[in-house]
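Have a look at start05.pdb; it's PDB, C-alpha atoms:
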```
ATOM      1  CA  MET B   1     -13.980 -11.834   3.446
ATOM      2  CA  SER B   2     -10.670 -12.415   5.227
ATOM      3  CA  SER B   3     -10.892 -12.578   9.013
ATOM      4  CA  LEU B   4      -8.612  -9.537   9.290
ATOM      5  CA  ALA B   5     -11.365  -7.288   7.929
ATOM      6  CA  GLU B   6     -14.287  -8.646   9.930
ATOM      7  CA  GLU B   7     -14.095  -6.565  13.094
ATOM      8  CA  ARG B   8     -12.490  -3.419  14.434
ATOM      9  CA  HIS B   9     -10.054  -3.322  17.338
ATOM     10  CA  PRO B  10      -8.528  -0.322  19.134
ATOM     11  CA  THR B  11      -5.263   0.724  17.502
ATOM     12  CA  LEU B  12      -2.204  -0.789  19.257
ATOM     13  CA  ASP B  13      -4.490  -3.084  21.274
ATOM     14  CA  GLY B  14      -2.104  -5.598  22.825
ATOM     15  CA  GLY B  15       0.759  -4.169  20.774
ATOM     16  CA  HIS B  16      -0.904  -5.193  17.508
ATOM     17  CA  LEU B  17      -1.146  -3.241  14.262
ATOM     18  CA  ARG B  18      -3.407  -4.288  11.401
ATOM     19  CA  LEU B  19      -1.871  -3.442   8.021
ATOM     20  CA  VAL B  20      -3.189  -3.693   4.483
ATOM     21  CA  THR B  21      -1.742  -2.775   1.091
ATOM     22  CA  PHE B  22      -3.884  -2.306  -1.997
ATOM     23  CA  ASN B  23      -3.287  -1.292  -5.600
ATOM     24  CA  LEU B  24      -6.554   0.577  -6.141
ATOM     25  CA  GLN B  25      -6.232   0.973  -9.928
ATOM     26  CA  VAL B  26      -8.109   4.302  -9.431
ATOM     27  CA  GLY B  27     -11.348   2.405  -8.781
ATOM     28  CA  ILE B  28     -11.593   0.617 -12.130
ATOM     29  CA  GLN B  29     -13.376  -2.728 -11.985
ATOM     30  CA  THR B  30     -11.301  -5.409 -13.728
ATOM     31  CA  SER B  31     -12.316  -9.059 -13.794
ATOM     32  CA  ALA B  32     -10.781 -10.363 -17.039
ATOM     33  CA  TYR B  33      -7.716  -9.646 -19.159
ATOM     34  CA  HIS B  34      -9.788  -8.148 -21.975
ATOM     35  CA  HIS B  35     -11.000  -5.439 -19.580
ATOM     36  CA  TYR B  36      -7.535  -3.855 -19.837
ATOM     37  CA  PHE B  37      -8.570  -2.946 -23.366
ATOM     38  CA  THR B  38     -12.337  -2.481 -23.154
ATOM     39  CA  ARG B  39     -12.197  -0.428 -19.943
ATOM     40  CA  SER B  40      -8.959   1.437 -20.575
ATOM     41  CA  TRP B  41     -10.949   4.642 -21.181
ATOM     42  CA  GLN B  42     -11.650   4.765 -17.436
ATOM     43  CA  HIS B  43      -8.008   5.728 -16.857
ATOM     44  CA  LEU B  44      -8.824   9.050 -18.547
ATOM     45  CA  LEU B  45     -12.579   9.541 -18.182
ATOM     46  CA  PRO B  46     -14.913   9.494 -15.158
ATOM     47  CA  HIS B  47     -17.227   6.564 -14.475
ATOM     48  CA  PRO B  48     -20.604   7.014 -12.727
ATOM     49  CA  ARG B  49     -20.067   4.012 -10.408
ATOM     50  CA  ARG B  50     -16.606   4.943  -9.229
ATOM     51  CA  GLN B  51     -17.837   6.845  -6.182
ATOM     52  CA  ARG B  52     -19.932   3.901  -5.017
ATOM     53  CA  ARG B  53     -16.896   1.671  -5.401
ATOM     54  CA  LEU B  54     -14.857   4.032  -3.213
ATOM     55  CA  ASP B  55     -17.515   3.804  -0.488
ATOM     56  CA  MET B  56     -17.290   0.007  -0.509
ATOM     57  CA  ILE B  57     -13.492   0.122  -0.467
ATOM     58  CA  ALA B  58     -13.517   2.596   2.444
ATOM     59  CA  GLU B  59     -15.713   0.261   4.495
ATOM     60  CA  VAL B  60     -13.207  -2.572   4.130
ATOM     61  CA  LEU B  61     -10.178  -0.375   4.803
ATOM     62  CA  SER B  62     -11.810   1.102   7.916
ATOM     63  CA  HIS B  63     -11.033  -2.127   9.810
ATOM     64  CA  PHE B  64      -7.277  -1.514   9.608
ATOM     65  CA  ASP B  65      -4.783   0.729  11.388
ATOM     66  CA  MET B  66      -2.495   1.573   8.477
ATOM     67  CA  VAL B  67      -3.214   1.348   4.757
ATOM     68  CA  GLY B  68      -0.738   1.585   1.884
ATOM     69  CA  LEU B  69      -2.331   2.523  -1.444
ATOM     70  CA  GLN B  70      -0.992   2.511  -4.982
ATOM     71  CA  GLU B  71      -2.594   3.877  -8.160
ATOM     72  CA  VAL B  72      -4.877   6.249  -6.279
ATOM     73  CA  ASP B  73      -5.993   9.468  -7.978
ATOM     74  CA  GLY B  74      -5.315  12.773  -6.253
ATOM     75  CA  GLY B  75      -8.260  14.627  -7.802
ATOM     76  CA  SER B  76      -8.677  15.053 -11.562
ATOM     77  CA  PHE B  77     -11.166  14.802 -14.403
ATOM     78  CA  ARG B  78     -11.160  10.989 -14.412
ATOM     79  CA  SER B  79     -12.073  10.873 -10.695
ATOM     80  CA  ASN B  80     -14.717  13.615 -10.946
ATOM     81  CA  GLN B  81     -12.294  15.957  -9.161
ATOM     82  CA  VAL B  82     -12.369  13.713  -6.080
ATOM     83  CA  ASN B  83      -9.080  13.258  -4.259
ATOM     84  CA  GLN B  84      -9.516   9.542  -3.682
ATOM     85  CA  LEU B  85      -6.990   9.431  -0.842
ATOM     86  CA  GLU B  86      -8.711  12.219   1.093
ATOM     87  CA  TYR B  87     -12.094  10.637   0.422
ATOM     88  CA  LEU B  88     -11.033   7.213   1.689
ATOM     89  CA  ALA B  89      -9.445   8.805   4.768
ATOM     90  CA  GLY B  90     -12.672  10.629   5.588
ATOM     91  CA  GLN B  91     -14.996   7.714   4.897
ATOM     92  CA  GLY B  92     -12.735   5.228   6.671
ATOM     93  CA  GLY B  93     -12.197   7.403   9.729
ATOM     94  CA  PHE B  94      -8.432   7.822   9.337
ATOM     95  CA  PRO B  95      -7.205  11.037  11.001
ATOM     96  CA  HIS B  96      -3.900  11.034   9.111
ATOM     97  CA  HIS B  97      -3.203  10.611   5.405
ATOM     98  CA  TYR B  98      -0.404  11.427   2.994
ATOM     99  CA  GLN B  99      -0.349  11.561  -0.803
ATOM    100  CA  GLN B 100       2.726  11.116  -2.988
ATOM    101  CA  LEU B 101       2.031  12.430  -6.477
ATOM    102  CA  ASN B 102       4.098  10.340  -8.893
ATOM    103  CA  ARG B 103       2.643  11.240 -12.303
ATOM    104  CA  ASN B 104       1.100  14.659 -12.650
ATOM    105  CA  LEU B 105      -1.003  14.704 -15.806
ATOM    106  CA  GLY B 106      -2.697  17.928 -14.796
ATOM    107  CA  ARG B 107      -6.465  17.916 -15.025
ATOM    108  CA  LEU B 108      -6.508  14.460 -16.632
ATOM    109  CA  ALA B 109      -4.908  12.377 -13.877
ATOM    110  CA  GLN B 110      -3.062  12.691 -10.570
ATOM    111  CA  HIS B 111      -1.430   9.260 -10.248
ATOM    112  CA  SER B 112      -0.322   8.732  -6.645
ATOM    113  CA  ASN B 113       0.755   6.507  -3.783
ATOM    114  CA  GLY B 114      -0.997   7.011  -0.469
ATOM    115  CA  LEU B 115      -0.863   6.281   3.236
ATOM    116  CA  LEU B 116      -3.831   6.182   5.621
ATOM    117  CA  SER B 117      -3.039   5.935   9.326
ATOM    118  CA  ARG B 118      -4.766   5.988  12.693
ATOM    119  CA  LEU B 119      -1.439   6.871  14.308
ATOM    120  CA  ALA B 120       0.230  10.240  13.860
ATOM    121  CA  PRO B 121       3.535   9.926  11.972
ATOM    122  CA  SER B 122       6.525  11.619  13.579
ATOM    123  CA  ARG B 123       7.998  12.279  10.151
ATOM    124  CA  ILE B 124       7.192  11.542   6.521
ATOM    125  CA  GLU B 125       9.685  11.543   3.660
ATOM    126  CA  GLU B 126       8.984  11.154  -0.043
ATOM    127  CA  HIS B 127      11.372   9.257  -2.314
ATOM    128  CA  ARG B 128      11.495   9.252  -6.108
ATOM    129  CA  LEU B 129      12.699   5.832  -7.119
ATOM    130  CA  PRO B 130      15.362   5.585  -9.861
ATOM    131  CA  GLY B 131      14.419   4.525 -13.368
ATOM    132  CA  THR B 132      14.491   5.540 -17.004
ATOM    133  CA  LEU B 133      10.850   6.612 -16.889
ATOM    134  CA  PRO B 134       9.753   8.797 -13.957
ATOM    135  CA  GLY B 135       6.654   7.965 -11.955
ATOM    136  CA  ARG B 136       7.632   5.397  -9.334
ATOM    137  CA  GLY B 137       7.987   6.347  -5.699
ATOM    138  CA  ALA B 138       7.995   5.374  -2.048
ATOM    139  CA  ILE B 139       6.583   6.990   1.097
ATOM    140  CA  HIS B 140       8.675   6.628   4.259
ATOM    141  CA  ALA B 141       6.693   7.237   7.461
ATOM    142  CA  ARG B 142       8.341   7.107  10.883
ATOM    143  CA  PHE B 143       6.330   6.479  14.050
ATOM    144  CA  GLY B 144       8.143   7.350  17.268
ATOM    145  CA  GLN B 145      11.619   8.721  17.923
ATOM    146  CA  GLY B 146      15.056   7.182  18.207
ATOM    147  CA  PRO B 147      16.343   3.721  17.301
ATOM    148  CA  GLU B 148      13.158   1.944  18.457
ATOM    149  CA  ALA B 149      10.871   3.884  16.097
ATOM    150  CA  LEU B 150       8.752   2.037  13.551
ATOM    151  CA  HIS B 151       9.553   2.774   9.895
ATOM    152  CA  LEU B 152       6.855   2.128   7.306
ATOM    153  CA  PHE B 153       7.533   2.248   3.557
ATOM    154  CA  VAL B 154       4.747   2.286   0.955
ATOM    155  CA  ALA B 155       6.213   1.570  -2.474
ATOM    156  CA  HIS B 156       5.177   0.921  -6.064
ATOM    157  CA  LEU B 157       7.985  -0.525  -8.179
ATOM    158  CA  ALA B 158       8.472  -0.609 -11.933
ATOM    159  CA  LEU B 159       7.579  -3.533 -14.183
ATOM    160  CA  GLY B 160      11.018  -4.233 -15.695
ATOM    161  CA  GLN B 161      13.529  -6.330 -13.778
ATOM    162  CA  ARG B 162      16.508  -4.076 -14.498
ATOM    163  CA  THR B 163      14.735  -1.001 -13.142
ATOM    164  CA  GLN B 164      13.352  -2.992 -10.218
ATOM    165  CA  ASN B 165      16.891  -3.945  -9.231
ATOM    166  CA  LEU B 166      17.897  -0.279  -9.152
ATOM    167  CA  GLN B 167      14.840   0.548  -7.053
ATOM    168  CA  LEU B 168      15.475  -2.325  -4.638
ATOM    169  CA  ASP B 169      19.080  -1.098  -4.300
ATOM    170  CA  TYR B 170      17.733   2.340  -3.409
ATOM    171  CA  LEU B 171      15.318   0.958  -0.807
ATOM    172  CA  SER B 172      18.018  -1.306   0.631
ATOM    173  CA  GLU B 173      20.208   1.700   1.388
ATOM    174  CA  LEU B 174      17.338   3.383   3.251
ATOM    175  CA  ILE B 175      16.355   0.274   5.195
ATOM    176  CA  GLN B 176      19.767  -1.130   6.152
ATOM    177  CA  PRO B 177      20.441   1.106   9.207
ATOM    178  CA  LEU B 178      16.883   0.810  10.606
ATOM    179  CA  LYS B 179      15.672  -1.662  13.233
ATOM    180  CA  HIS B 180      11.872  -1.959  13.003
ATOM    181  CA  VAL B 181      10.773  -1.834   9.364
ATOM    182  CA  VAL B 182       7.697  -2.593   7.262
ATOM    183  CA  VAL B 183       7.810  -2.429   3.455
ATOM    184  CA  MET B 184       4.475  -2.816   1.734
ATOM    185  CA  GLY B 185       3.057  -2.188  -1.684
ATOM    186  CA  ASP B 186       2.779  -3.401  -5.247
ATOM    187  CA  LEU B 187       6.381  -4.424  -5.856
ATOM    188  CA  ASN B 188       5.540  -5.923  -9.264
ATOM    189  CA  CYS B 189       7.853  -8.859  -8.609
ATOM    190  CA  THR B 190       7.499 -12.365  -7.273
ATOM    191  CA  PRO B 191       9.129 -13.649  -4.066
ATOM    192  CA  ASP B 192      11.680 -15.555  -6.166
ATOM    193  CA  ARG B 193      12.833 -12.328  -7.758
ATOM    194  CA  LEU B 194      13.032 -10.624  -4.351
ATOM    195  CA  HIS B 195      15.058 -13.510  -2.930
ATOM    196  CA  ALA B 196      17.451 -13.231  -5.883
ATOM    197  CA  HIS B 197      18.305  -9.643  -4.897
ATOM    198  CA  ASP B 198      21.093 -10.183  -2.356
ATOM    199  CA  ARG B 199      21.337  -6.595  -1.153
ATOM    200  CA  PHE B 200      17.626  -6.279  -0.450
ATOM    201  CA  CYS B 201      17.562  -9.639   1.364
ATOM    202  CA  ALA B 202      20.498  -8.517   3.496
ATOM    203  CA  SER B 203      18.663  -5.345   4.551
ATOM    204  CA  LEU B 204      15.278  -6.969   5.180
ATOM    205  CA  PRO B 205      14.419 -10.649   5.733
ATOM    206  CA  LEU B 206      11.623 -11.698   3.421
ATOM    207  CA  HIS B 207       8.829 -12.921   5.616
ATOM    208  CA  PRO B 208       5.952 -13.786   6.039
ATOM    209  CA  VAL B 209       7.385 -16.868   4.368
ATOM    210  CA  ARG B 210       4.250 -17.861   2.488
ATOM    211  CA  PRO B 211       3.339 -14.907   0.266
ATOM    212  CA  ALA B 212      -0.279 -14.272  -0.626
ATOM    213  CA  LEU B 213      -1.291 -14.641  -4.285
ATOM    214  CA  SER B 214      -2.777 -11.285  -5.242
ATOM    215  CA  TYR B 215      -2.705 -10.947  -9.051
ATOM    216  CA  PRO B 216      -4.777 -11.081 -11.161
ATOM    217  CA  SER B 217      -7.666 -10.511  -8.769
ATOM    218  CA  TRP B 218     -10.138 -12.706 -10.664
ATOM    219  CA  ARG B 219      -7.769 -15.714 -10.758
ATOM    220  CA  PRO B 220      -4.786 -15.003  -8.499
ATOM    221  CA  SER B 221      -1.645 -16.863  -9.531
ATOM    222  CA  ARG B 222       1.209 -14.461  -8.673
ATOM    223  CA  ALA B 223       2.350 -12.776  -5.466
ATOM    224  CA  LEU B 224       3.105  -9.208  -6.554
ATOM    225  CA  ASP B 225       1.752  -7.302  -3.528
ATOM    226  CA  HIS B 226       3.826  -7.690  -0.391
ATOM    227  CA  ILE B 227       4.051  -6.773   3.287
ATOM    228  CA  LEU B 228       7.664  -7.429   4.312
ATOM    229  CA  LEU B 229       8.913  -7.119   7.886
ATOM    230  CA  SER B 230      12.186  -6.793   9.750
ATOM    231  CA  SER B 231      13.095  -9.715  12.011
ATOM    232  CA  SER B 232      12.135  -7.663  15.086
ATOM    233  CA  LEU B 233       8.438  -7.758  14.130
ATOM    234  CA  GLU B 234       6.214 -10.798  14.507
ATOM    235  CA  ALA B 235       3.256 -11.418  12.226
ATOM    236  CA  ASP B 236       0.530 -13.832  11.362
ATOM    237  CA  GLU B 237       0.402 -15.235   7.860
ATOM    238  CA  ALA B 238      -0.466 -12.658   5.223
ATOM    239  CA  GLU B 239      -4.015 -12.898   3.914
ATOM    240  CA  VAL B 240      -5.764 -11.662   0.806
ATOM    241  CA  LEU B 241      -9.122  -9.922   1.095
ATOM    242  CA  ASP B 242     -12.092 -10.329  -1.196
ATOM    243  CA  ARG B 243     -11.992  -8.613  -4.576
ATOM    244  CA  LEU B 244     -12.455  -4.855  -4.467
ATOM    245  CA  PHE B 245     -12.858  -4.068  -8.181
ATOM    246  CA  SER B 246      -9.125  -3.608  -8.940
ATOM    247  CA  ASP B 247      -6.948  -6.043 -10.875
ATOM    248  CA  HIS B 248      -5.031  -6.614  -7.609
ATOM    249  CA  LEU B 249      -6.311  -8.106  -4.354
ATOM    250  CA  PRO B 250      -5.645  -6.315  -1.056
ATOM    251  CA  VAL B 251      -3.053  -8.059   1.124
ATOM    252  CA  ALA B 252      -3.332  -7.768   4.913
ATOM    253  CA  VAL B 253      -1.360  -8.847   7.961
ATOM    254  CA  ASP B 254      -1.565  -8.460  11.737
ATOM    255  CA  ILE B 255       1.828  -7.569  13.240
ATOM    256  CA  ARG B 256       2.970  -7.548  16.858
ATOM    257  CA  LEU B 257       5.381  -4.864  18.006
ATOM    258  CA  PRO B 258       8.192  -5.471  20.512
ATOM    259  CA  GLN B 259       7.703  -3.520  23.725
ATOM    260  CA  PRO B 260      10.496  -0.940  23.098
ATOM    261  CA  CYS B 261       8.997  -0.116  19.691
ATOM    262  CA  LEU B 262       5.481   0.103  21.140
ATOM    263  CA  THR B 263       6.711   2.421  23.890
ATOM    264  CA  ALA B 264       8.478   4.684  21.375
ATOM    265  CA  ILE B 265       5.319   4.988  19.268
ATOM    266  CA  GLN B 266       3.020   5.661  22.224
ATOM    267  CA  ALA B 267       5.364   8.275  23.695
ATOM    268  CA  ASP B 268       5.281  10.286  20.474
ATOM    269  CA  GLN B 269       1.534  10.307  19.875
ATOM    270  CA  PRO B 270      -0.281  13.617  20.510
ATOM    271  CA  GLU B 271      -2.432  13.768  23.621
ATOM    272  CA  GLN B 272      -6.120  13.257  23.017
ATOM    273  CA  PRO B 273      -8.389  16.081  24.208
ATOM    274  CA  ALA B 274     -10.269  15.326  27.426
TER     275      ALA B 274
END
```

Write-out of the structure in structure tokens:
Amino acid sequence: MSSLAEERHPTLDGGHLRLVTFNLQVGIQTSAYHHYFTRSWQHLLPHPRRQRRLDMIAEVLSHFDMVGLQEVDGGSFRSNQVNQLEYLAGQGGFPHHYQQLNRNLGRLAQHSNGLLSRLAPSRIEEHRLPGTLPGRGAIHARFGQGPEALHLFVAHLALGQRTQNLQLDYLSELIQPLKHVVVMGDLNCTPDRLHAHDRFCASLPLHPVRPALSYPSWRPSRALDHILLSSSLEADEAEVLDRLFSDHLPVAVDIRLPQPCLTAIQADQPEQPA
């Protein structure tokens, strides 16, 4: 297990935040390419071990302050009517969570992005990303007020390069005027492709420099899951965690906030009861 998930620390301890992004693949265990075919039925039908898998995932996620999730089910037949985001929030001890429903297949599937947080967001916005086929989105959570606030985006981009470019253009416009920014999620593109997008690079420097290989989880060879930071935020090298059933590995990073950003976040948090 990566060192980032070995012990818990108080949130904002020393101005640090522990972040992780994970494409959950609705709790389907995938450990070979042929499983995409032999286990494809689990995208539509419930599996008796899925709940146990969620418990194990929640234990790992509980060591972090903010979690970005992709391909999480919002409560349908395939998940035994369990809203996986709410369940992980409860089991992981996260007081705040937000679900973005991207593909509503009614009782069959509720395909979503999600955010789990130990800090109370000041504001959350939901963005539908452009593309020929609907179903891709981004969550924009703001922590604190004013120009020193922290802005966190959880995104899941399309597979095709042409659509990705449109979606990166869209995100670039949102990010460009902001100071302290984190973009994390399954961006479905390699660092080379990100670096080739001039507008996105101009709005957000692409570091950590050494991306973590996260796909496929059983033999990682591509960096598709990213945690990207504005130049105002310092971070350790991104790490991958041990396999958690999905075809993607979780990617985690410890970031350090500048004092003005930390002050803005702390000033906007609700008072804890005595």

Contact residues around range 186-192 of chain B with all atoms listed in the file at 9 Å, ignoring same-chain residues under 2 positions, as a count of residues only = 27

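Remark: for Gln81 in chain B, the closest of the candidate residues B:Pro205, B:Gly106, B:Gly131, B:Pro258 is B:Gly106 (distances computed over all atoms listed in the file).
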
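Distance-wise, CA of Arg193 in chain B and CA of Leu133 in chain B end up 21.1 Å apart.
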
Can you list what the PyMOL selection byres ((chain B and resi 181) around 6) grabs from this structure, as a tab-separated table (two decimals) with C-alpha atoms, in the coordinates of the input?
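See out_16.tsv below for the written result:
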```
chain	number	residue	atom	x	y	z
B	151	HIS	CA	9.55	2.77	9.90
B	152	LEU	CA	6.86	2.13	7.31
B	180	HIS	CA	11.87	-1.96	13.00
B	182	VAL	CA	7.70	-2.59	7.26
B	229	LEU	CA	8.91	-7.12	7.89
B	230	SER	CA	12.19	-6.79	9.75
```

List every protein, DNA or RNA residue that has at least one atom no more than 7 Å from (-5.5, 4.1, -7.1) in the file's coordinates, counting all atoms listed in the file, and write the result as a PyMOL selection string.
-> chain B and resi 23-27+69-73+112

Hey, what comes out of the PyMOL selection byres ((chain B and resi 138) around 9) on this file? Could you write it as a PyMOL selection string?
-> chain B and resi 100+113+125-129+136-137+139-140+153-157+171

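Proximity ranking of B:Leu101, B:Gln110, B:Leu61, B:His96 relative to Asn80 in chain B places B:Gln110 first, based on all atoms listed in the file.
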
Contacts of Gln51 in chain B at 10 Å or less, counting all atoms listed in the file, minus same-chain residues fewer than 6 places along, as a PyMOL selection string?
-> chain B and resi 27+57+79-80+82+84+87

The PyMOL selection byres ((chain B and resi 265) around 10) on the file shown: which residues, as a ChimeraX atom specification?
-> /B:12,119-122,142-145,148-150,257,259-264,266-269

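The shortest atom-to-atom distance to Asp65 in chain B, with all atoms listed in the file taken into account, belongs to B:Leu17 out of B:Ala89, B:Leu108, B:Leu17, B:Leu204.
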
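Close to (-4.3, -8.2, 2.9), meaning no more than 7 Å away when counting only C-alpha atoms, sit the residues B:Val20, B:Thr21, B:Ala238, B:Glu239, B:Val240, B:Leu241, B:Pro250, B:Val251, B:Ala252, B:Val253.
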
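The space between CA of Pro10 in chain B and CA of Arg118 in chain B spans 9.8 Å.
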
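With all atoms listed in the file as the atoms that count, the residue of B:Gly74, B:Pro177, B:Pro270, B:Pro216 with the shortest distance to Ser246 in chain B is B:Pro216.
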
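Here CA of Val183 in chain B stands at a distance of 29.3 Å from CA of Arg78 in chain B.
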
7 Å contact set for Ser117 in chain B, all atoms listed in the file, chain neighbours under 3 positions out, as a ChimeraX atom specification | /B:65-67,94-97

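Minimum atom-to-atom distances from B:Asp13, B:Glu86, B:Asp242, B:Glu173 to Met56 in chain B were compared using all atoms listed in the file, and the lowest value belongs to B:Asp242.
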
Residues near Asp169 in chain B, cut-off 10 Å, all atoms listed in the file, skip fewer than 5 positions along chain, as a PDB file with C-alpha atoms, keeping the file's coordinate frame:
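Writing the result to result18.pdb gives the following:
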```
ATOM      1  CA  LEU B 129      12.699   5.832  -7.119  1.00  0.00           C
ATOM      2  CA  PRO B 130      15.362   5.585  -9.861  1.00  0.00           C
ATOM      3  CA  THR B 163      14.735  -1.001 -13.142  1.00  0.00           C
ATOM      4  CA  GLN B 164      13.352  -2.992 -10.218  1.00  0.00           C
ATOM      5  CA  LEU B 174      17.338   3.383   3.251  1.00  0.00           C
ATOM      6  CA  ILE B 175      16.355   0.274   5.195  1.00  0.00           C
ATOM      7  CA  HIS B 197      18.305  -9.643  -4.897  1.00  0.00           C
ATOM      8  CA  ASP B 198      21.093 -10.183  -2.356  1.00  0.00           C
ATOM      9  CA  ARG B 199      21.337  -6.595  -1.153  1.00  0.00           C
ATOM     10  CA  PHE B 200      17.626  -6.279  -0.450  1.00  0.00           C
ATOM     11  CA  SER B 203      18.663  -5.345   4.551  1.00  0.00           C
TER      12      SER B 203
END
```
